[in-house]
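See below for entry35.cif, which holds mmCIF, C-alpha atoms.
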data_data
loop_
_atom_site.group_PDB
_atom_site.id
_atom_site.type_symbol
_atom_site.label_atom_id
_atom_site.label_comp_id
_atom_site.auth_asym_id
_atom_site.auth_seq_id
_atom_site.Cartn_x
_atom_site.Cartn_y
_atom_site.Cartn_z
ATOM 1 C CA MET A 1 -16.655 -47.329 -47.026
ATOM 2 C CA ASN A 2 -17.370 -43.681 -47.930
ATOM 3 C CA TRP A 3 -17.585 -42.624 -44.253
ATOM 4 C CA ARG A 4 -14.008 -43.886 -43.657
ATOM 5 C CA VAL A 5 -12.741 -41.282 -46.094
ATOM 6 C CA TRP A 6 -14.770 -38.453 -44.550
ATOM 7 C CA LEU A 7 -14.179 -39.283 -40.834
ATOM 8 C CA PRO A 8 -10.574 -37.968 -40.634
ATOM 9 C CA LEU A 9 -11.607 -34.829 -42.520
ATOM 10 C CA MET A 10 -14.553 -34.256 -40.159
ATOM 11 C CA LEU A 11 -12.346 -34.762 -37.081
ATOM 12 C CA PHE A 12 -9.811 -32.293 -38.470
ATOM 13 C CA ALA A 13 -12.588 -29.777 -39.144
ATOM 14 C CA LEU A 14 -13.847 -30.224 -35.560
ATOM 15 C CA PHE A 15 -10.331 -29.615 -34.239
ATOM 16 C CA LEU A 16 -10.029 -26.440 -36.344
ATOM 17 C CA GLY A 17 -13.393 -25.227 -35.045
ATOM 18 C CA VAL A 18 -12.366 -25.731 -31.394
ATOM 19 C CA ALA A 19 -9.006 -24.032 -32.014
ATOM 20 C CA ALA A 20 -10.678 -21.064 -33.736
ATOM 21 C CA TYR A 21 -13.144 -20.704 -30.849
ATOM 22 C CA GLN A 22 -10.319 -20.701 -28.273
ATOM 23 C CA LEU A 23 -8.469 -18.015 -30.224
ATOM 24 C CA THR A 24 -11.490 -15.708 -30.002
ATOM 25 C CA GLN A 25 -11.725 -15.954 -26.195
ATOM 26 C CA PRO A 26 -10.265 -13.184 -23.990
ATOM 27 C CA LYS A 27 -6.669 -13.719 -22.986
ATOM 28 C CA ASP A 28 -5.962 -14.256 -19.276
ATOM 29 C CA ASP A 29 -2.533 -12.837 -18.419
ATOM 30 C CA VAL A 30 -2.825 -13.417 -14.684
ATOM 31 C CA VAL A 31 -2.116 -16.765 -13.077
ATOM 32 C CA ALA A 32 -3.742 -16.446 -9.669
ATOM 33 C CA SER A 33 -2.635 -18.689 -6.850
ATOM 34 C CA GLY A 34 -4.920 -21.572 -5.971
ATOM 35 C CA MET A 35 -3.612 -21.231 -2.410
ATOM 36 C CA ILE A 36 -5.537 -18.064 -1.503
ATOM 37 C CA GLY A 37 -7.579 -18.861 1.604
ATOM 38 C CA GLN A 38 -5.334 -21.802 2.499
ATOM 39 C CA GLU A 39 -2.475 -22.254 4.942
ATOM 40 C CA LEU A 40 1.065 -21.952 3.705
ATOM 41 C CA PRO A 41 2.711 -25.308 3.015
ATOM 42 C CA TYR A 42 5.474 -26.363 5.398
ATOM 43 C CA PHE A 43 8.935 -25.058 4.525
ATOM 44 C CA GLU A 44 12.282 -24.142 6.061
ATOM 45 C CA LEU A 45 14.503 -21.862 3.981
ATOM 46 C CA PRO A 46 18.095 -20.959 4.860
ATOM 47 C CA PRO A 47 19.114 -17.292 4.947
ATOM 48 C CA ALA A 48 19.626 -15.662 1.557
ATOM 49 C CA HIS A 49 22.457 -13.601 3.042
ATOM 50 C CA SER A 50 24.122 -13.001 6.406
ATOM 51 C CA ASP A 51 22.213 -9.898 7.602
ATOM 52 C CA ASN A 52 18.743 -11.492 7.743
ATOM 53 C CA PRO A 53 17.628 -14.841 9.171
ATOM 54 C CA GLY A 54 16.012 -17.463 6.940
ATOM 55 C CA VAL A 55 12.279 -18.161 6.804
ATOM 56 C CA THR A 56 10.160 -21.038 8.065
ATOM 57 C CA THR A 57 6.434 -21.617 8.002
ATOM 58 C CA ALA A 58 6.395 -21.207 11.795
ATOM 59 C CA ASP A 59 7.768 -17.663 11.401
ATOM 60 C CA LEU A 60 4.618 -16.770 9.474
ATOM 61 C CA ARG A 61 2.213 -18.294 12.031
ATOM 62 C CA ASP A 62 3.017 -16.142 15.042
ATOM 63 C CA GLY A 63 -0.267 -14.216 15.159
ATOM 64 C CA LYS A 64 0.944 -11.174 13.204
ATOM 65 C CA PRO A 65 -0.138 -10.448 9.613
ATOM 66 C CA ARG A 66 2.642 -9.525 7.185
ATOM 67 C CA LEU A 67 3.645 -9.406 3.555
ATOM 68 C CA LEU A 68 5.530 -12.254 1.903
ATOM 69 C CA ASN A 69 7.464 -10.893 -1.081
ATOM 70 C CA ILE A 70 8.790 -13.271 -3.751
ATOM 71 C CA TRP A 71 11.710 -11.572 -5.516
ATOM 72 C CA ALA A 72 15.161 -11.981 -7.046
ATOM 73 C CA SER A 73 18.249 -9.819 -7.476
ATOM 74 C CA TRP A 74 18.188 -10.475 -11.234
ATOM 75 C CA CYS A 75 14.568 -9.258 -11.539
ATOM 76 C CA LEU A 76 14.191 -5.766 -13.052
ATOM 77 C CA PRO A 77 10.619 -5.191 -11.781
ATOM 78 C CA CYS A 78 11.944 -6.033 -8.291
ATOM 79 C CA ILE A 79 14.164 -2.953 -8.560
ATOM 80 C CA ALA A 80 11.133 -0.865 -9.539
ATOM 81 C CA GLU A 81 9.149 -1.999 -6.491
ATOM 82 C CA ALA A 82 11.980 -1.454 -3.969
ATOM 83 C CA PRO A 83 10.924 2.132 -3.056
ATOM 84 C CA GLN A 84 7.349 0.988 -2.400
ATOM 85 C CA LEU A 85 8.564 -1.839 -0.148
ATOM 86 C CA GLU A 86 10.649 0.708 1.766
ATOM 87 C CA ALA A 87 7.554 2.940 2.093
ATOM 88 C CA LEU A 88 5.552 0.012 3.476
ATOM 89 C CA LYS A 89 8.341 -0.764 5.951
ATOM 90 C CA GLU A 90 8.333 2.887 7.099
ATOM 91 C CA GLN A 91 4.601 2.537 7.769
ATOM 92 C CA GLY A 92 5.295 -0.383 10.113
ATOM 93 C CA VAL A 93 4.545 -3.239 7.724
ATOM 94 C CA GLU A 94 6.592 -6.373 8.341
ATOM 95 C CA ILE A 95 7.861 -7.800 5.072
ATOM 96 C CA VAL A 96 9.383 -11.258 4.743
ATOM 97 C CA GLY A 97 11.251 -12.009 1.544
ATOM 98 C CA ILE A 98 11.982 -15.154 -0.409
ATOM 99 C CA ALA A 99 14.829 -14.816 -2.897
ATOM 100 C CA ILE A 100 14.339 -17.084 -5.889
ATOM 101 C CA ARG A 101 17.284 -18.879 -7.554
ATOM 102 C CA ASP A 102 19.745 -16.319 -6.223
ATOM 103 C CA ASP A 103 23.347 -16.070 -5.029
ATOM 104 C CA PRO A 104 23.948 -14.711 -1.493
ATOM 105 C CA GLU A 105 26.472 -12.220 -2.911
ATOM 106 C CA ASP A 106 23.973 -10.964 -5.491
ATOM 107 C CA VAL A 107 21.283 -10.654 -2.809
ATOM 108 C CA ALA A 108 23.648 -8.605 -0.619
ATOM 109 C CA GLN A 109 24.545 -6.306 -3.531
ATOM 110 C CA PHE A 110 20.874 -5.831 -4.460
ATOM 111 C CA LEU A 111 19.943 -4.930 -0.873
ATOM 112 C CA ALA A 112 22.914 -2.560 -0.499
ATOM 113 C CA ARG A 113 21.944 -0.784 -3.719
ATOM 114 C CA HIS A 114 18.125 -0.732 -3.386
ATOM 115 C CA GLY A 115 17.449 -1.018 0.364
ATOM 116 C CA ASN A 116 16.494 -3.860 2.667
ATOM 117 C CA PRO A 117 12.858 -3.724 3.816
ATOM 118 C CA TYR A 118 12.883 -7.370 4.959
ATOM 119 C CA THR A 119 12.883 -8.760 8.499
ATOM 120 C CA ARG A 120 13.767 -12.204 7.125
ATOM 121 C CA ILE A 121 14.926 -13.462 3.731
ATOM 122 C CA GLY A 122 14.868 -17.121 2.780
ATOM 123 C CA ARG A 123 16.748 -18.622 -0.149
ATOM 124 C CA ASP A 124 14.595 -20.755 -2.475
ATOM 125 C CA ASP A 125 17.187 -22.160 -4.878
ATOM 126 C CA LEU A 126 14.807 -24.543 -6.655
ATOM 127 C CA SER A 127 11.650 -22.384 -6.508
ATOM 128 C CA GLU A 128 9.945 -25.108 -4.467
ATOM 129 C CA VAL A 129 8.294 -22.726 -2.002
ATOM 130 C CA GLN A 130 7.475 -20.288 -4.781
ATOM 131 C CA LEU A 131 5.615 -22.978 -6.704
ATOM 132 C CA GLY A 132 4.136 -24.456 -3.523
ATOM 133 C CA ILE A 133 2.330 -21.215 -2.705
ATOM 134 C CA GLY A 134 1.114 -20.757 -6.266
ATOM 135 C CA SER A 135 3.465 -17.989 -7.351
ATOM 136 C CA SER A 136 4.138 -17.957 -11.065
ATOM 137 C CA GLY A 137 6.924 -15.390 -11.246
ATOM 138 C CA VAL A 138 8.774 -12.526 -9.632
ATOM 139 C CA PRO A 139 7.915 -10.219 -8.110
ATOM 140 C CA GLU A 140 4.777 -11.347 -6.346
ATOM 141 C CA THR A 141 3.561 -10.352 -2.917
ATOM 142 C CA PHE A 142 1.189 -12.216 -0.633
ATOM 143 C CA VAL A 143 -0.678 -11.027 2.445
ATOM 144 C CA ILE A 144 -0.320 -13.687 5.136
ATOM 145 C CA ASP A 145 -2.564 -13.544 8.197
ATOM 146 C CA GLY A 146 -1.291 -14.363 11.679
ATOM 147 C CA ASN A 147 -2.222 -18.037 11.278
ATOM 148 C CA GLY A 148 -0.150 -18.501 8.130
ATOM 149 C CA VAL A 149 -3.108 -18.315 5.736
ATOM 150 C CA ILE A 150 -2.667 -16.596 2.376
ATOM 151 C CA THR A 151 -5.397 -13.963 2.163
ATOM 152 C CA TYR A 152 -4.352 -11.911 -0.865
ATOM 153 C CA GLN A 153 -1.987 -12.078 -3.832
ATOM 154 C CA HIS A 154 -0.480 -9.117 -5.684
ATOM 155 C CA ILE A 155 1.026 -10.161 -9.008
ATOM 156 C CA GLY A 156 3.828 -8.038 -10.421
ATOM 157 C CA ASP A 157 5.761 -5.134 -8.993
ATOM 158 C CA ILE A 158 4.162 -2.994 -6.311
ATOM 159 C CA ARG A 159 3.566 0.558 -7.481
ATOM 160 C CA ALA A 160 2.697 3.621 -5.414
ATOM 161 C CA ASP A 161 -1.019 3.318 -6.204
ATOM 162 C CA ASP A 162 -0.985 -0.306 -4.922
ATOM 163 C CA LEU A 163 0.027 0.711 -1.387
ATOM 164 C CA PRO A 164 -3.495 1.588 -0.135
ATOM 165 C CA VAL A 165 -4.817 -1.765 -1.375
ATOM 166 C CA LEU A 166 -2.031 -3.713 0.335
ATOM 167 C CA LEU A 167 -2.487 -1.767 3.582
ATOM 168 C CA GLU A 168 -6.231 -2.452 3.483
ATOM 169 C CA LYS A 169 -5.668 -6.156 2.828
ATOM 170 C CA LEU A 170 -3.257 -6.258 5.789
ATOM 171 C CA ARG A 171 -5.906 -4.587 8.009
ATOM 172 C CA GLU A 172 -8.458 -7.148 6.848
ATOM 173 C CA ALA A 173 -5.958 -9.886 7.768
ATOM 174 C CA GLY A 174 -5.794 -8.528 11.312
ATOM 175 C CA ALA A 175 -3.023 -5.924 11.272
#

Would you write out, as structure tokens, the structure that this file holds?
Amino acid sequence: MNWRVWLPLMLFALFLGVAAYQLTQPKDDVVASGMIGQELPYFELPPAHSDNPGVTTADLRDGKPRLLNIWASWCLPCIAEAPQLEALKEQGVEIVGIAIRDDPEDVAQFLARHGNPYTRIGRDDLSEVQLGIGSSGVPETFVIDGNGVITYQHIGDIRADDLPVLLEKLREAGA
């Protein structure tokens, strides 16, 4: 009968010990995609605005490596990365965009204000493609090889010192 009194206390102490251990472990701020090294899932996205066509999986399997940029007009870090995307475009990099939970009018205003480095922009109103490729937020940029395989993921806004890494990853993907 004595063990019945102590069992809940011992279980609670075990729980506290596990919780304390977890709190001492290093924090992981990055949620990497589980899709790296895998083909993109099938999708067909309508255009996010009238100046660029939408995006399909087939568009990303035409033999040419490119960047796939997940962004939104309401995303402040997306504004910060706009000059770097323009710089990549000027270096001949093809960039395909997916606008997340965005209005076509807001997309058009964003592009008019900050530049349009995209050859295509798909509208992902429910974040289905974003989640399907393992993206956890905006902005995120993926290197896609010519067969539609995700070879690299850049989490967060692209900064000037990230450009050499992205260019190298594109070369590795066959650019």

Exercise for review: Could you expand the PyMOL selection byres ((chain A and resi 53) around 12) into the explicit residues it covers here, written as number ranges by chain?
Suggested key: A: 44-52, 54-56, 59, 96-98, 118-123

**Study point:** Contacts of Leu170 in chain A at 12 Å (only C-alpha atoms; same-chain gap of 4+ positions) as number ranges by chain
**Key:** A: 64-68, 88, 91-95, 141-146, 150-153, 163-166, 174-175

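For the pair CA of Glu81 in chain A and CA of His114 in chain A, the separation is 9.6 Å.
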
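If you measure from each of A:Gly63, A:Glu140, A:Pro8, A:Val129 to Ala173 in chain A using all atoms listed in the file, the closest one turns out to be A:Gly63.
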
Point to revise | Pairwise distance for CA of Tyr42 in chain A and CA of Ile79 in chain A, rounded to one decimal in Å | key: 28.6 Å

Practice item. Give me, please, the distance in Å between CA of Asp125 in chain A and CA of Arg101 in chain A, quoted to one decimal. Key: 4.2 Å

Range 94-102 of chain A: axis-aligned bounding box, 5 Å on each side, centre and edge lengths in Å, one decimal, as JSON:
{"center_x": 13.2, "center_y": -12.6, "center_z": 0.4, "size_x": 23.2, "size_y": 22.5, "size_z": 25.9}
